[in-house]
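protein.txt follows; it contains compact mmCIF, C-alpha atoms.
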# COMPACT_ATOMS: atom_id res chain seq x y z
CA MET A 290 -47.50 -93.22 -34.13
CA VAL A 291 -44.50 -95.05 -35.62
CA GLU A 292 -46.60 -97.00 -38.11
CA ASP A 293 -48.14 -93.72 -39.22
CA GLN A 294 -44.78 -92.23 -40.22
CA GLY A 295 -44.71 -91.15 -43.84
CA ARG A 296 -48.45 -91.25 -44.38
CA LEU A 297 -49.55 -88.77 -47.04
CA ILE A 298 -51.68 -86.04 -45.52
CA GLU A 299 -52.16 -83.48 -48.30
CA ASN A 300 -50.82 -82.61 -51.72
CA ASN A 301 -51.00 -79.56 -53.98
CA VAL A 302 -49.63 -78.58 -57.38
CA TRP A 303 -48.66 -75.16 -58.76
CA THR A 304 -47.36 -74.08 -62.17
CA CYS A 305 -45.59 -70.87 -63.11
CA GLN A 306 -43.67 -69.43 -66.03
CA GLY A 307 -39.90 -69.75 -65.84
CA HIS A 308 -39.15 -66.15 -64.84
CA ALA A 309 -37.99 -64.76 -61.49
CA GLU A 310 -41.12 -62.69 -60.85
CA HIS A 311 -43.40 -65.67 -61.50
CA VAL A 312 -41.26 -67.86 -59.26
CA ARG A 313 -41.67 -65.28 -56.51
CA ALA A 314 -45.48 -65.41 -56.87
CA LEU A 315 -45.47 -69.22 -56.82
CA LEU A 316 -43.38 -69.24 -53.65
CA SER A 317 -45.89 -66.88 -52.06
CA ASP A 318 -48.74 -69.26 -52.89
CA VAL A 319 -46.77 -72.24 -51.61
CA THR A 320 -46.01 -70.41 -48.35
CA LEU A 321 -49.70 -69.66 -47.84
CA TRP A 322 -50.54 -73.33 -48.41
CA MET A 323 -47.87 -74.47 -45.93
CA ALA A 324 -49.27 -72.13 -43.30
CA GLY A 325 -52.73 -73.51 -43.97
CA GLN A 326 -51.41 -77.02 -43.38
CA GLY A 327 -50.10 -75.98 -39.97
CA ILE A 328 -46.42 -76.22 -40.89
CA ASP A 329 -44.40 -74.08 -38.49
CA VAL A 330 -42.63 -70.93 -39.65
CA GLU A 331 -39.10 -72.29 -39.45
CA ASN A 332 -39.89 -75.34 -41.58
CA SER A 333 -41.93 -73.25 -43.98
CA GLN A 334 -39.10 -70.76 -44.43
CA SER A 335 -36.62 -73.58 -45.00
CA MET A 336 -38.79 -75.14 -47.70
CA GLU A 337 -39.39 -71.75 -49.30
CA LEU A 338 -35.64 -71.15 -49.41
CA VAL A 339 -34.65 -74.50 -50.92
CA LEU A 340 -37.49 -74.27 -53.42
CA ALA A 341 -36.27 -70.81 -54.40
CA GLU A 342 -32.82 -72.25 -55.01
CA VAL A 343 -34.12 -75.03 -57.26
CA LEU A 344 -36.53 -72.79 -59.15
CA ASN A 345 -33.94 -70.04 -59.65
CA ASN A 346 -31.60 -72.70 -61.01
CA ILE A 347 -34.26 -73.83 -63.48
CA VAL A 348 -34.88 -70.24 -64.63
CA GLU A 349 -31.19 -69.45 -65.02
CA HIS A 350 -29.94 -72.71 -66.49
CA ALA A 351 -32.68 -75.02 -67.77
CA TYR A 352 -34.57 -72.11 -69.34
CA SER A 353 -31.54 -69.93 -70.17
CA ASP A 354 -32.26 -70.18 -73.91
CA THR A 355 -35.98 -70.94 -73.99
CA ASP A 356 -39.21 -70.12 -72.24
CA GLY A 357 -41.14 -72.73 -70.36
CA ASP A 358 -43.23 -73.56 -67.35
CA ILE A 359 -42.22 -75.00 -64.01
CA THR A 360 -44.54 -77.30 -62.05
CA VAL A 361 -44.13 -77.71 -58.32
CA SER A 362 -45.88 -80.47 -56.43
CA LEU A 363 -45.78 -80.39 -52.66
CA SER A 364 -46.72 -83.46 -50.64
CA LEU A 365 -47.14 -83.21 -46.89
CA HIS A 366 -46.45 -86.52 -45.23
CA ASN A 367 -46.50 -87.41 -41.57
CA GLY A 368 -42.98 -86.31 -40.59
CA PHE A 369 -41.73 -84.79 -43.85
CA LEU A 370 -42.55 -82.45 -46.71
CA GLN A 371 -41.62 -83.46 -50.26
CA ALA A 372 -41.32 -81.06 -53.19
CA ASP A 373 -41.13 -82.27 -56.80
CA CYS A 374 -40.12 -79.64 -59.35
CA LEU A 375 -40.64 -80.39 -63.04
CA ASP A 376 -39.41 -78.44 -66.04
CA HIS A 377 -38.72 -79.23 -69.69
CA GLY A 378 -35.64 -77.12 -70.20
CA LYS A 379 -32.05 -78.13 -70.76
CA ALA A 380 -30.68 -81.00 -68.73
CA MET A 381 -28.44 -80.16 -65.80
CA PRO A 382 -25.05 -81.25 -67.15
CA HIS A 383 -23.88 -83.47 -64.29
CA GLY A 384 -26.74 -83.32 -61.82
CA PRO A 385 -26.31 -81.47 -58.52
CA PRO A 386 -22.68 -80.94 -57.46
CA SER A 387 -21.50 -83.71 -55.18
CA SER A 388 -19.40 -81.62 -52.84
CA ALA A 389 -19.44 -78.07 -51.57
CA LYS A 390 -17.16 -75.51 -53.17
CA GLY A 391 -14.27 -74.54 -50.93
CA PHE A 392 -14.69 -71.25 -49.16
CA ASP A 393 -12.04 -69.73 -46.95
CA PRO A 394 -13.31 -66.79 -44.87
CA ASN A 395 -9.80 -65.40 -44.92
CA MET A 396 -9.66 -65.28 -48.69
CA ALA A 397 -9.06 -61.95 -50.39
CA LEU A 398 -12.09 -59.73 -50.74
CA ASN A 399 -12.03 -59.80 -54.51
CA ASP A 400 -11.99 -63.59 -54.53
CA LEU A 401 -15.18 -64.01 -52.51
CA PRO A 402 -17.76 -66.07 -54.38
CA GLU A 403 -20.98 -64.36 -55.44
CA GLY A 404 -22.70 -67.57 -56.40
CA GLY A 405 -22.69 -71.31 -56.00
CA PHE A 406 -24.33 -71.21 -52.58
CA GLY A 407 -27.59 -72.81 -53.64
CA TRP A 408 -26.79 -76.54 -53.45
CA GLY A 409 -24.93 -76.08 -50.19
CA LEU A 410 -28.06 -74.54 -48.69
CA ILE A 411 -30.15 -77.39 -50.05
CA ARG A 412 -27.82 -80.02 -48.59
CA SER A 413 -27.79 -78.24 -45.23
CA LEU A 414 -31.55 -77.96 -44.92
CA CYS A 415 -32.91 -81.03 -46.74
CA SER A 416 -32.75 -84.63 -45.60
CA GLY A 417 -32.85 -85.64 -49.26
CA ALA A 418 -32.34 -84.03 -52.68
CA SER A 419 -32.24 -85.71 -56.07
CA TYR A 420 -32.26 -84.88 -59.76
CA GLN A 421 -33.46 -87.02 -62.67
CA ARG A 422 -33.64 -86.44 -66.38
CA ILE A 423 -36.68 -88.28 -67.79
CA GLY A 424 -37.10 -87.85 -71.54
CA THR A 425 -37.29 -84.10 -72.12
CA GLN A 426 -38.14 -83.40 -68.49
CA ASN A 427 -36.03 -82.45 -65.47
CA ARG A 428 -37.30 -83.60 -62.11
CA THR A 429 -35.76 -82.25 -58.92
CA THR A 430 -37.01 -83.66 -55.64
CA LEU A 431 -36.40 -82.16 -52.20
CA ILE A 432 -37.33 -83.71 -48.87
CA LEU A 433 -37.59 -81.62 -45.73
CA ASP A 434 -37.71 -83.46 -42.44
CA LEU A 435 -40.31 -81.67 -40.33
CA GLY A 436 -38.92 -82.84 -37.01
CA PRO A 437 -40.73 -84.23 -34.00
CA ARG A 438 -42.09 -80.89 -32.83
CA ASN A 439 -44.10 -80.30 -36.00
CA ASN A 440 -46.62 -83.03 -36.66
CA PRO A 441 -49.49 -81.43 -38.59
CA ALA A 442 -51.59 -84.56 -38.15
CA GLU A 443 -52.01 -83.79 -34.45
CA MET B 259 -35.79 -51.88 -54.92
CA LYS B 260 -36.37 -49.19 -52.33
CA LEU B 261 -33.29 -48.12 -50.38
CA ASP B 262 -33.55 -45.39 -47.75
CA VAL B 263 -30.46 -43.45 -46.76
CA GLN B 264 -29.46 -41.70 -43.55
CA ALA B 265 -26.05 -40.08 -43.37
CA TYR B 266 -24.20 -39.72 -40.09
CA ALA B 267 -20.73 -38.37 -39.55
CA GLY B 268 -18.54 -41.18 -40.82
CA LEU B 269 -21.32 -43.71 -41.42
CA LEU B 270 -23.92 -44.05 -44.12
CA VAL B 271 -26.93 -46.10 -43.05
CA ILE B 272 -28.79 -47.73 -45.92
CA THR B 273 -32.12 -49.31 -44.99
CA VAL B 274 -33.51 -51.90 -47.40
CA ASP B 275 -37.20 -51.02 -47.59
CA GLU B 276 -38.18 -54.38 -49.09
CA ASP B 277 -39.16 -57.69 -47.53
CA ARG B 278 -37.13 -59.84 -49.95
CA ILE B 279 -33.71 -59.70 -51.55
CA ASP B 280 -34.08 -62.49 -54.08
CA ALA B 281 -33.36 -63.39 -57.71
CA SER B 282 -35.95 -60.95 -59.03
CA VAL B 283 -34.40 -57.91 -57.31
CA ALA B 284 -30.74 -58.86 -56.85
CA LEU B 285 -29.59 -56.78 -59.80
CA ALA B 286 -31.68 -53.77 -58.76
CA PHE B 287 -30.20 -54.01 -55.29
CA LYS B 288 -26.64 -54.06 -56.62
CA GLU B 289 -27.29 -51.11 -58.90
CA GLY B 290 -29.06 -49.10 -56.22
CA PHE B 291 -26.35 -49.85 -53.70
CA ARG B 292 -23.62 -48.95 -56.18
CA SER B 293 -25.12 -45.55 -56.96
CA LEU B 294 -25.53 -44.72 -53.25
CA VAL B 295 -22.03 -45.67 -52.14
CA SER B 296 -20.26 -44.18 -55.13
CA GLU B 297 -21.42 -40.75 -53.93
CA ASN B 298 -19.76 -41.26 -50.57
CA THR B 299 -16.56 -42.40 -49.00
CA GLY B 300 -16.49 -44.01 -45.57
CA ASP B 301 -18.26 -46.93 -43.97
CA VAL B 302 -21.73 -48.22 -44.66
CA LEU B 303 -24.27 -49.94 -42.45
CA LEU B 304 -26.93 -51.98 -44.21
CA ASP B 305 -30.12 -52.22 -42.14
CA LEU B 306 -31.88 -55.46 -43.09
CA GLY B 307 -34.60 -55.18 -40.46
CA LYS B 308 -37.41 -55.44 -43.02
CA VAL B 309 -35.89 -58.26 -45.04
CA ASP B 310 -37.60 -61.55 -44.30
CA PHE B 311 -36.16 -63.55 -47.18
CA LEU B 312 -32.66 -63.85 -48.60
CA ASP B 313 -31.81 -66.57 -51.10
CA SER B 314 -28.44 -67.30 -52.70
CA SER B 315 -29.06 -64.57 -55.30
CA GLY B 316 -29.64 -62.07 -52.52
CA LEU B 317 -26.58 -63.31 -50.70
CA GLY B 318 -24.54 -62.92 -53.89
CA ALA B 319 -25.79 -59.34 -54.13
CA LEU B 320 -24.60 -58.65 -50.56
CA VAL B 321 -21.18 -60.09 -51.36
CA ALA B 322 -21.02 -57.99 -54.53
CA ALA B 323 -21.89 -54.95 -52.43
CA ARG B 324 -19.10 -55.82 -50.00
CA LYS B 325 -16.60 -56.18 -52.84
CA LEU B 326 -17.76 -52.88 -54.31
CA MET B 327 -16.80 -51.08 -51.11
CA GLY B 328 -13.21 -52.29 -51.34
CA THR B 329 -10.88 -53.12 -48.50
CA ASP B 330 -10.64 -49.56 -47.16
CA ARG B 331 -14.33 -49.25 -46.29
CA ALA B 332 -16.44 -51.38 -43.97
CA LEU B 333 -19.86 -52.79 -44.83
CA ASP B 334 -21.67 -53.83 -41.67
CA LEU B 335 -25.09 -55.46 -41.42
CA ALA B 336 -27.71 -54.92 -38.75
CA GLN B 337 -31.06 -56.34 -37.66
CA LEU B 338 -30.87 -59.68 -39.42
CA ARG B 339 -34.13 -61.61 -39.22
CA PRO B 340 -33.86 -65.33 -38.34
CA ILE B 341 -34.01 -66.71 -41.90
CA VAL B 342 -31.46 -64.16 -43.15
CA ALA B 343 -29.12 -64.92 -40.24
CA LYS B 344 -29.57 -68.63 -40.97
CA VAL B 345 -28.57 -68.25 -44.63
CA MET B 346 -25.51 -66.20 -43.63
CA ARG B 347 -24.53 -68.82 -41.06
CA LEU B 348 -25.08 -71.89 -43.27
CA THR B 349 -22.98 -70.40 -46.07
CA HIS B 350 -20.30 -69.15 -43.61
CA MET B 351 -20.78 -65.68 -45.08
CA ASP B 352 -21.43 -64.34 -41.60
CA SER B 353 -17.65 -64.21 -41.18
CA VAL B 354 -17.33 -61.83 -44.14
CA PHE B 355 -19.45 -59.09 -42.57
CA THR B 356 -19.59 -57.46 -39.16
CA ILE B 357 -23.13 -58.15 -37.99
CA HIS B 358 -24.87 -56.04 -35.36
CA SER B 359 -28.13 -56.90 -33.64
CA THR B 360 -29.43 -53.34 -33.76
CA CYS B 361 -28.66 -50.14 -35.62
CA ASP B 362 -27.90 -48.37 -32.32
CA THR B 363 -25.15 -50.84 -31.44
CA ALA B 364 -23.78 -50.50 -34.97
CA LEU B 365 -23.76 -46.71 -34.75
CA ALA B 366 -22.07 -46.86 -31.36
CA ALA B 367 -19.45 -49.24 -32.75
CA HIS B 368 -18.67 -46.63 -35.39
CA GLY B 369 -18.49 -43.86 -32.81
CA VAL B 370 -21.76 -42.27 -33.87
CA THR B 371 -24.46 -41.30 -31.39
CA SER B 372 -27.86 -41.92 -32.99
CA ALA B 373 -29.98 -38.91 -33.85
CA GLY B 374 -32.59 -37.98 -31.26

Could you rewrite the structure in this file as structure tokens?
Amino acid sequence: MVEDQGRLIENNVWTCQGHAEHVRALLSDVTLWMAGQGIDVENSQSMELVLAEVLNNIVEHAYSDTDGDITVSLSLHNGFLQADCLDHGKAMPHGPPSSAKGFDPNMALNDLPEGGFGWGLIRSLCSGASYQRIGTQNRTTLILDLGPRNNPAE
Amino acid sequence: MKLDVQAYAGLLVITVDEDRIDASVALAFKEGFRSLVSENTGDVLLDLGKVDFLDSSGLGALVAARKLMGTDRALDLAQLRPIVAKVMRLTHMDSVFTIHSTCDTALAAHGVTSAG
């Protein structure tokens, strides 16, 4: 139903320590929850991937000098899935990069990038992504359009 | 990071016996891969048939592995699951590797008949 678009269906919150192994465990719990909500495998894998990118970024940059927790809130709406990631580490210096890094498949082997793919993946898969610094907190929001074939409300 | 190895004439097949190559195991993958390929010369086929998750850290590890081999040796990939193929495609890294659908087609491409 058009007027039903965007209606909140279900929400859940997880917290983990800012280390790669704990992020992996949180992603596993999130994936289980998404399956339980009837989200199809392709959408679930996309959300897991973009969440991994954001959370890895937080571990490597926001918490590069300190320890801290990361809180992930997932909200399933009619038509889209929203993830809000909160941490209280260092601010991201300029927010997410505004344009993709150049990559030429013909470039020399030794020049191939080994990093910097994360935000490109997020932009490719998400219909929305934003970053805010609020006080001592970083908030990164991702929105995944679930597409017409996946309406968990039905 | 469990890596299984099968050596054929002219091709070393490394099977990743893990379901994820992600931030928590990217370094272990690189180190394991490095120690396996430094003992050999020749081409390598990486069987990713069990890998159901590859994030940008995992992708970076694959690129590092490719660079480690140098320009004289090939690093091919086989049996990419949908999400892994998607990550390779979205990042355009699928043009950096030769990707085979199965290990048998990869072996044949390298002139190796698979063991019976």

Problem set entry | Expected answer as a VMD selection string: chain A residues within 12 Å of chain B, only C-alpha atoms | chain A and resid 307 to 314 316 to 317 330 to 349 389 to 414

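Take atom CA of Asn367 of chain A and atom CA of Gln421 of chain A: the distance between them is 24.8 Å.
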
For this session: Mind giving me the straight-line distance from atom CA of Met346 of chain B to atom CA of Asp275 of chain B in Å, one decimal?
Result: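 Taking atom CA of Met346 of chain B and atom CA of Asp275 of chain B, their separation equals 19.6 Å.
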
For this session: For each of B:Leu303, B:Ala364, B:Ile357, B:Leu294, take the minimum atom-to-atom distance to Leu338 of chain B, counting only C-alpha atoms, then give the residue where this is smallest.
Result: B:Ile357

Exercise. Using all atoms listed in the file, which of A:Leu365, A:Ala380, A:Ala418, A:Leu375 sits nearest Ala324 of chain A?
Worked result: A:Leu365

Neighbour residues at most 12 Å from (-37.1, -68.8, -75.1) (only C-alpha atoms) as a PDB file with C-alpha atoms, keeping the file's coordinate frame:
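To be explicit, this is the file written out as out07.pdb:
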ATOM      1  CA  GLN A 306     -43.670 -69.430 -66.030  1.00  0.00           C
ATOM      2  CA  GLY A 307     -39.900 -69.750 -65.840  1.00  0.00           C
ATOM      3  CA  HIS A 308     -39.150 -66.150 -64.840  1.00  0.00           C
ATOM      4  CA  VAL A 348     -34.880 -70.240 -64.630  1.00  0.00           C
ATOM      5  CA  GLU A 349     -31.190 -69.450 -65.020  1.00  0.00           C
ATOM      6  CA  HIS A 350     -29.940 -72.710 -66.490  1.00  0.00           C
ATOM      7  CA  ALA A 351     -32.680 -75.020 -67.770  1.00  0.00           C
ATOM      8  CA  TYR A 352     -34.570 -72.110 -69.340  1.00  0.00           C
ATOM      9  CA  SER A 353     -31.540 -69.930 -70.170  1.00  0.00           C
ATOM     10  CA  ASP A 354     -32.260 -70.180 -73.910  1.00  0.00           C
ATOM     11  CA  THR A 355     -35.980 -70.940 -73.990  1.00  0.00           C
ATOM     12  CA  ASP A 356     -39.210 -70.120 -72.240  1.00  0.00           C
ATOM     13  CA  GLY A 357     -41.140 -72.730 -70.360  1.00  0.00           C
ATOM     14  CA  ASP A 358     -43.230 -73.560 -67.350  1.00  0.00           C
ATOM     15  CA  HIS A 377     -38.720 -79.230 -69.690  1.00  0.00           C
ATOM     16  CA  GLY A 378     -35.640 -77.120 -70.200  1.00  0.00           C
ATOM     17  CA  LYS A 379     -32.050 -78.130 -70.760  1.00  0.00           C
TER      18      LYS A 379
END

What's around Val302 of chain B at 8 Å? Count all atoms listed in the file, leave out sequence neighbours fewer than 2 positions away in its own chain, and write the answer as a compact mmCIF listing (two decimals) with C-alpha atoms, in the frame of the given file.
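Output file selection.txt follows:
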# COMPACT_ATOMS: atom_id res chain seq x y z
CA LEU B 269 -21.32 -43.71 -41.42
CA LEU B 270 -23.92 -44.05 -44.12
CA VAL B 271 -26.93 -46.10 -43.05
CA ILE B 272 -28.79 -47.73 -45.92
CA VAL B 295 -22.03 -45.67 -52.14
CA GLY B 300 -16.49 -44.01 -45.57
CA LEU B 304 -26.93 -51.98 -44.21
CA ARG B 331 -14.33 -49.25 -46.29
CA ALA B 332 -16.44 -51.38 -43.97
CA LEU B 333 -19.86 -52.79 -44.83
CA ASP B 334 -21.67 -53.83 -41.67

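You will find atom CA of Arg339 of chain B at 20.6 Å from atom CA of Ala366 of chain B.
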
Seminar exercise, completed: The residue from A:Gln294, A:Gln326, A:Thr430, A:Thr320 with the smallest atom-to-atom distance to Gln371 of chain A, counting all atoms listed in the file, is A:Thr430

For this session: Dig up all the protein and nucleic acid residues within 6 Å of (-27.6, -56.5, -40.1) in the file frame, using only C-alpha atoms, and format them as number ranges by chain.
Result: B: 305-306, 335-338, 357-358

Exercise. Out of B:Ser296, B:Lys260, B:Thr356, B:Thr371, which residue has the shortest atom-to-atom distance to Glu276 of chain B when counting only C-alpha atoms?
Worked result: B:Lys260

Can you rebuild segment 319-344 of chain A with N, CA and C atoms and give it as a tab-separated table (two decimals), in the frame of the given file?
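Output file selection.tsv follows:
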chain	number	residue	atom	x	y	z
A	319	VAL	N	-47.22	-71.05	-52.32
A	319	VAL	CA	-46.77	-72.24	-51.61
A	319	VAL	C	-46.68	-71.96	-50.11
A	320	THR	N	-46.16	-70.79	-49.77
A	320	THR	CA	-46.01	-70.41	-48.35
A	320	THR	C	-47.37	-70.32	-47.68
A	321	LEU	N	-48.34	-69.74	-48.38
A	321	LEU	CA	-49.70	-69.66	-47.84
A	321	LEU	C	-50.26	-71.05	-47.59
A	322	TRP	N	-50.04	-71.96	-48.55
A	322	TRP	CA	-50.54	-73.33	-48.41
A	322	TRP	C	-49.89	-74.03	-47.22
A	323	MET	N	-48.57	-73.83	-47.05
A	323	MET	CA	-47.87	-74.47	-45.93
A	323	MET	C	-48.42	-73.97	-44.60
A	324	ALA	N	-48.69	-72.67	-44.53
A	324	ALA	CA	-49.27	-72.13	-43.30
A	324	ALA	C	-50.63	-72.76	-43.04
A	325	GLY	N	-51.40	-72.91	-44.10
A	325	GLY	CA	-52.73	-73.51	-43.97
A	325	GLY	C	-52.68	-74.96	-43.51
A	326	GLN	N	-51.56	-75.63	-43.80
A	326	GLN	CA	-51.41	-77.02	-43.38
A	326	GLN	C	-50.86	-77.12	-41.97
A	327	GLY	N	-50.59	-75.97	-41.34
A	327	GLY	CA	-50.10	-75.98	-39.97
A	327	GLY	C	-48.60	-76.23	-39.84
A	328	ILE	N	-47.88	-76.06	-40.94
A	328	ILE	CA	-46.42	-76.22	-40.89
A	328	ILE	C	-45.83	-75.00	-40.20
A	329	ASP	N	-44.90	-75.21	-39.27
A	329	ASP	CA	-44.40	-74.08	-38.49
A	329	ASP	C	-43.50	-73.19	-39.34
A	330	VAL	N	-43.30	-71.97	-38.86
A	330	VAL	CA	-42.63	-70.93	-39.65
A	330	VAL	C	-41.22	-71.33	-40.05
A	331	GLU	N	-40.49	-71.96	-39.13
A	331	GLU	CA	-39.10	-72.29	-39.45
A	331	GLU	C	-39.03	-73.31	-40.59
A	332	ASN	N	-39.86	-74.35	-40.51
A	332	ASN	CA	-39.89	-75.34	-41.58
A	332	ASN	C	-40.38	-74.73	-42.89
A	333	SER	N	-41.39	-73.88	-42.79
A	333	SER	CA	-41.93	-73.25	-43.98
A	333	SER	C	-40.88	-72.37	-44.66
A	334	GLN	N	-40.13	-71.62	-43.85
A	334	GLN	CA	-39.10	-70.76	-44.43
A	334	GLN	C	-37.98	-71.59	-45.06
A	335	SER	N	-37.65	-72.71	-44.43
A	335	SER	CA	-36.62	-73.58	-45.00
A	335	SER	C	-37.06	-74.13	-46.35
A	336	MET	N	-38.31	-74.58	-46.42
A	336	MET	CA	-38.79	-75.14	-47.70
A	336	MET	C	-38.86	-74.04	-48.75
A	337	GLU	N	-39.33	-72.85	-48.35
A	337	GLU	CA	-39.39	-71.75	-49.30
A	337	GLU	C	-38.00	-71.44	-49.86
A	338	LEU	N	-37.01	-71.46	-48.99
A	338	LEU	CA	-35.64	-71.15	-49.41
A	338	LEU	C	-35.10	-72.20	-50.38
A	339	VAL	N	-35.23	-73.48	-50.03
A	339	VAL	CA	-34.65	-74.50	-50.92
A	339	VAL	C	-35.42	-74.58	-52.24
A	340	LEU	N	-36.72	-74.35	-52.18
A	340	LEU	CA	-37.49	-74.27	-53.42
A	340	LEU	C	-37.01	-73.11	-54.29
A	341	ALA	N	-36.77	-71.97	-53.65
A	341	ALA	CA	-36.27	-70.81	-54.40
A	341	ALA	C	-34.97	-71.17	-55.10
A	342	GLU	N	-34.10	-71.88	-54.42
A	342	GLU	CA	-32.82	-72.25	-55.01
A	342	GLU	C	-33.03	-73.13	-56.24
A	343	VAL	N	-33.87	-74.13	-56.12
A	343	VAL	CA	-34.12	-75.03	-57.26
A	343	VAL	C	-34.78	-74.27	-58.41
A	344	LEU	N	-35.79	-73.48	-58.09
A	344	LEU	CA	-36.53	-72.79	-59.15
A	344	LEU	C	-35.66	-71.73	-59.82
